[in-house]
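Notes to accompany the following structure.
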Amino acid sequence: MRLDVNDLRTFYASPLGLVTHRFVARAIEGFLGSVSGLRILGLGYVTPYLGPVHVIAERTLAFMPATHGVVNWPATGRSVTALADPTMLPLPEAAVDRVVLVHALEGVESPSELLAEVWRVLTPGGRMILVVPNRTGVWARRDATPFGHGQPYSRSQLSRLMRDTLFSPEGWTETLYMPPVRSRLMLQSASTWEWLGTSLSLPFAGVHVIDATKQLYRPVAVQQVRRVKARMRSSILVPAGQPG
């Protein structure tokens with residue numbers, strides 16, 4: 001079952017959604033830092049996390065995939081949201097300084113195409129903040145939250161995907177250590193769960209949050225260069241009548 005924008009809005013308005021927003025927003029804001037004068041793009045369902053950014057940034061855009069639908073945001077002033085194919089963004093190259101992805105990567109058929117498109121629209125040295133369900137976490141196993149839908153990822157899978165699409169992880173954290181249940185007692189103890197999970201580096205966090213920088217050049221393995229040079233030497237022609 002695919003989530004639509006109404007499911008996402010309902011979740012974030014619930015007590016569990018409010019707790020989720022608090023912890024995920026803290027991780028995102030810690031990586032984003034100051035956005036004054038920057039152009040920010042949100043992909044997926046990111047509007048709950050863009051409120052403080054929208055006030056400060058030079059420009060804010062929020063693109064939502066057709067599978068989700070789209071809502072008007074913010075509630076007052078000019079809307080900055082639009083429907084867009086996340087693998088074919090309606091932006092020129094190097095158009096934005098930061099891209100924040102929430103409820104995005106896990107829902108596309110081709111994650112590499114999505115990240116390649118993010119790479120295209122980022123400025124040189126631009127950064128991507130990526131929020132993805134953790135494959136080993138409990139949240140990925142329960143469809144009562146948006147993080148229980150789509151394809152969850154392990155840390156090694158994400159590292160390989162970013163390497164293949166020319167992103168270099170600069171910061172990495174996990175959050176949402178509490179079980180995704182709606183009981184009042186569990187919600188009240190959420191901060192304790194978070195503190196314990198972070199302090200002990202427990203492996204069952206709900207989501208990965210990654211800060212990655214756009215690489216400008218693909219690294220070339222030294223072994224490949226040596227093979228090319230050896231091939232070039234072996235193909236040198238010697239004129240007839242001269243010793244080889």
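Every chain in the structure tokens takes a letter, A first, then B, and so on in the order presented; its residues are numbered from 1, and the ligands are numbered from 1 following the presented order.
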
Report task. Name the residues of range 29-202 of chain A that fall into alpha helix (DSSP H) according to DSSP on the backbone, using the chain letters and numbers of this document, as a ChimeraX atom specification. Result -> /A:29-32,51-56,111-121,155-164,184-188,190-200

Quick one: which range 28-119 of chain A residues come within 10 Å of range 159-178 of chain A, and what is the nearest atom pair for each with the distance in Å to one decimal, counting only C-alpha atoms, rows ordered by chain and ascending number, as JSON lines?
```
{"residue": "A:Ile28", "atom": "CA", "partner": "A:Thr173", "partner_atom": "CA", "distance": 9.8}
{"residue": "A:Gly30", "atom": "CA", "partner": "A:Gly171", "partner_atom": "CA", "distance": 9.9}
{"residue": "A:Phe31", "atom": "CA", "partner": "A:Gly171", "partner_atom": "CA", "distance": 7.4}
{"residue": "A:Pro111", "atom": "CA", "partner": "A:Leu161", "partner_atom": "CA", "distance": 8.0}
{"residue": "A:Ser112", "atom": "CA", "partner": "A:Thr165", "partner_atom": "CA", "distance": 6.5}
{"residue": "A:Glu113", "atom": "CA", "partner": "A:Thr165", "partner_atom": "CA", "distance": 8.5}
{"residue": "A:Leu114", "atom": "CA", "partner": "A:Thr165", "partner_atom": "CA", "distance": 9.4}
{"residue": "A:Leu115", "atom": "CA", "partner": "A:Thr165", "partner_atom": "CA", "distance": 6.3}
{"residue": "A:Ala116", "atom": "CA", "partner": "A:Thr165", "partner_atom": "CA", "distance": 5.7}
{"residue": "A:Glu117", "atom": "CA", "partner": "A:Thr165", "partner_atom": "CA", "distance": 9.4}
{"residue": "A:Val118", "atom": "CA", "partner": "A:Thr165", "partner_atom": "CA", "distance": 9.4}
{"residue": "A:Trp119", "atom": "CA", "partner": "A:Leu166", "partner_atom": "CA", "distance": 7.6}
```

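If you measure from each of A:Pro133, A:Pro65, A:Gly125, A:Gly17 to Ile210 in chain A using only C-alpha atoms, the closest one turns out to be A:Pro133.
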
**Report entry** Per-residue DSSP, range 26-103 of chain A, filtered to strand (DSSP E), as a list of chain:residue names
**Finding:**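 Restricting range 26-103 of chain A to strand (DSSP E) produces A:Arg39, A:Ile40, A:Leu41, A:Gly42, A:Leu43, A:Gly44, A:Arg59, A:Thr60, A:Leu61, A:Ala62, A:Phe63, A:Met64, A:Thr81, A:Ala82, A:Leu83, A:Val96, A:Asp97, A:Arg98, A:Val99, A:Val100, A:Leu101, A:Val102.
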
Filtering to C-alpha atoms, could you give me those residues as a PDB file, in the first residue's frame?
```
ATOM      1  CA  ARG A  39      18.257  27.829  -1.786  1.00  0.00           C
ATOM      2  CA  ILE A  40      16.616  24.779  -0.205  1.00  0.00           C
ATOM      3  CA  LEU A  41      14.728  21.950  -1.914  1.00  0.00           C
ATOM      4  CA  GLY A  42      12.632  19.380  -0.061  1.00  0.00           C
ATOM      5  CA  LEU A  43      11.816  16.077  -1.786  1.00  0.00           C
ATOM      6  CA  GLY A  44       9.146  13.634  -0.633  1.00  0.00           C
ATOM      7  CA  ARG A  59      14.248  30.352  -1.439  1.00  0.00           C
ATOM      8  CA  THR A  60      12.440  27.176  -0.395  1.00  0.00           C
ATOM      9  CA  LEU A  61      10.826  24.590  -2.679  1.00  0.00           C
ATOM     10  CA  ALA A  62       8.955  21.421  -1.711  1.00  0.00           C
ATOM     11  CA  PHE A  63       8.409  18.825  -4.453  1.00  0.00           C
ATOM     12  CA  MET A  64       6.106  15.888  -3.751  1.00  0.00           C
ATOM     13  CA  THR A  81       4.877  23.077  -3.164  1.00  0.00           C
ATOM     14  CA  ALA A  82       4.433  21.228  -6.466  1.00  0.00           C
ATOM     15  CA  LEU A  83       4.005  17.735  -7.886  1.00  0.00           C
ATOM     16  CA  VAL A  96      19.902  24.641  -5.161  1.00  0.00           C
ATOM     17  CA  ASP A  97      22.372  24.589  -2.262  1.00  0.00           C
ATOM     18  CA  ARG A  98      20.712  21.975  -0.053  1.00  0.00           C
ATOM     19  CA  VAL A  99      18.303  19.101  -0.729  1.00  0.00           C
ATOM     20  CA  VAL A 100      16.389  17.468   2.134  1.00  0.00           C
ATOM     21  CA  LEU A 101      14.800  14.078   1.414  1.00  0.00           C
ATOM     22  CA  VAL A 102      12.179  12.599   3.771  1.00  0.00           C
TER      23      VAL A 102
END
```

Query raised in the report: Between A:Met186, A:Ala140, A:Leu105, A:Leu158, which is the closest to Phe204 in chain A once you count only C-alpha atoms?
Result: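 Closest candidate: A:Ala140.
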
Query raised in the report: Out of A:Ser183, A:Thr20, A:Ala104, A:Val121, which residue has the shortest atom-to-atom distance to Trp139 in chain A when counting only C-alpha atoms?
Result: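 Ranking A:Ser183, A:Thr20, A:Ala104, A:Val121 by distance to Trp139 in chain A, first place goes to A:Thr20.
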
So that each row is one residue of range 119-179 of chain A with an atom at most 9 Å from range 8-12 of chain A, can you give its shortest atom pair and the distance in Å to one decimal, using only C-alpha atoms, rows by chain and rising number, as a Markdown table?
```
| residue | atom | partner | partner_atom | distance |
| --- | --- | --- | --- | --- |
| A:Ala144 | CA | A:Phe11 | CA | 8.9 |
| A:Thr145 | CA | A:Phe11 | CA | 7.0 |
| A:Pro146 | CA | A:Leu8 | CA | 6.8 |
```

**Report entry** Spatial neighbours of Val35 in chain A, 10 Å, only C-alpha atoms, chain gap at least 6 places, as a ChimeraX atom specification
**Finding:** /A:29,52-59,97-98

Kindly export the residues of the current selection with all heavy atoms, as a short mmCIF file (atom, residue, chain, number, x, y, z; two decimals), in the first residue's frame.
```cif
data_model
loop_
_atom_site.label_atom_id
_atom_site.label_comp_id
_atom_site.auth_asym_id
_atom_site.auth_seq_id
_atom_site.Cartn_x
_atom_site.Cartn_y
_atom_site.Cartn_z
N GLU A 29 18.13 19.55 11.46
CA GLU A 29 18.60 20.90 11.73
C GLU A 29 20.06 20.90 12.18
O GLU A 29 20.81 21.84 11.87
CB GLU A 29 17.71 21.55 12.79
CG GLU A 29 16.30 21.85 12.27
CD GLU A 29 15.32 22.15 13.40
OE1 GLU A 29 15.76 22.26 14.57
OE2 GLU A 29 14.11 22.26 13.10
N PRO A 52 11.11 26.26 9.97
CA PRO A 52 12.17 27.21 10.32
C PRO A 52 13.05 27.57 9.12
O PRO A 52 13.53 28.70 9.02
CB PRO A 52 12.98 26.45 11.38
CG PRO A 52 12.06 25.39 11.90
CD PRO A 52 11.20 25.01 10.74
N VAL A 53 13.24 26.63 8.20
CA VAL A 53 14.08 26.87 7.02
C VAL A 53 13.44 27.91 6.11
O VAL A 53 14.09 28.83 5.60
CB VAL A 53 14.30 25.55 6.25
CG1 VAL A 53 14.94 25.80 4.91
CG2 VAL A 53 15.11 24.59 7.09
N HIS A 54 12.13 27.79 5.90
CA HIS A 54 11.42 28.67 4.97
C HIS A 54 11.52 30.14 5.38
O HIS A 54 11.55 31.03 4.53
CB HIS A 54 9.96 28.23 4.89
CG HIS A 54 9.13 29.03 3.94
ND1 HIS A 54 9.44 29.14 2.60
CD2 HIS A 54 8.01 29.77 4.13
CE1 HIS A 54 8.54 29.91 2.00
NE2 HIS A 54 7.68 30.30 2.91
N VAL A 55 11.57 30.38 6.67
CA VAL A 55 11.63 31.76 7.18
C VAL A 55 12.97 32.41 6.88
O VAL A 55 13.05 33.62 6.63
CB VAL A 55 11.35 31.77 8.70
CG1 VAL A 55 11.51 33.17 9.27
CG2 VAL A 55 9.96 31.23 8.99
N ILE A 56 14.05 31.62 6.86
CA ILE A 56 15.40 32.16 6.79
C ILE A 56 16.02 32.05 5.40
O ILE A 56 16.75 32.93 4.96
CB ILE A 56 16.31 31.45 7.83
CG1 ILE A 56 15.73 31.64 9.23
CG2 ILE A 56 17.74 31.96 7.76
CD1 ILE A 56 16.42 30.81 10.28
N ALA A 57 15.76 30.95 4.70
CA ALA A 57 16.44 30.68 3.43
C ALA A 57 16.06 31.71 2.37
O ALA A 57 14.99 32.33 2.42
CB ALA A 57 16.09 29.28 2.93
N GLU A 58 16.94 31.87 1.39
CA GLU A 58 16.64 32.76 0.27
C GLU A 58 15.42 32.26 -0.50
O GLU A 58 14.56 33.04 -0.91
CB GLU A 58 17.85 32.84 -0.68
CG GLU A 58 17.59 33.65 -1.94
CD GLU A 58 18.71 33.51 -2.95
OE1 GLU A 58 19.89 33.56 -2.55
OE2 GLU A 58 18.41 33.35 -4.15
N ARG A 59 15.37 30.95 -0.72
CA ARG A 59 14.25 30.35 -1.44
C ARG A 59 14.05 28.93 -0.94
O ARG A 59 15.01 28.22 -0.69
CB ARG A 59 14.49 30.36 -2.95
CG ARG A 59 13.37 29.74 -3.76
CD ARG A 59 13.57 29.98 -5.24
NE ARG A 59 13.57 31.42 -5.53
CZ ARG A 59 13.78 31.91 -6.75
NH1 ARG A 59 14.03 31.10 -7.76
NH2 ARG A 59 13.76 33.21 -6.94
N ASP A 97 21.21 24.80 -3.13
CA ASP A 97 22.37 24.59 -2.26
C ASP A 97 22.21 23.39 -1.33
O ASP A 97 23.20 22.79 -0.93
CB ASP A 97 22.62 25.85 -1.42
CG ASP A 97 22.80 27.09 -2.26
OD1 ASP A 97 23.84 27.16 -2.96
OD2 ASP A 97 21.92 27.97 -2.24
N ARG A 98 20.99 23.10 -0.95
CA ARG A 98 20.71 21.97 -0.05
C ARG A 98 19.46 21.25 -0.54
O ARG A 98 18.50 21.87 -0.98
CB ARG A 98 20.46 22.45 1.39
CG ARG A 98 21.57 23.26 2.01
CD ARG A 98 22.73 22.39 2.43
NE ARG A 98 23.75 23.14 3.14
CZ ARG A 98 24.74 23.80 2.56
NH1 ARG A 98 24.85 23.79 1.24
NH2 ARG A 98 25.63 24.46 3.26
#
```
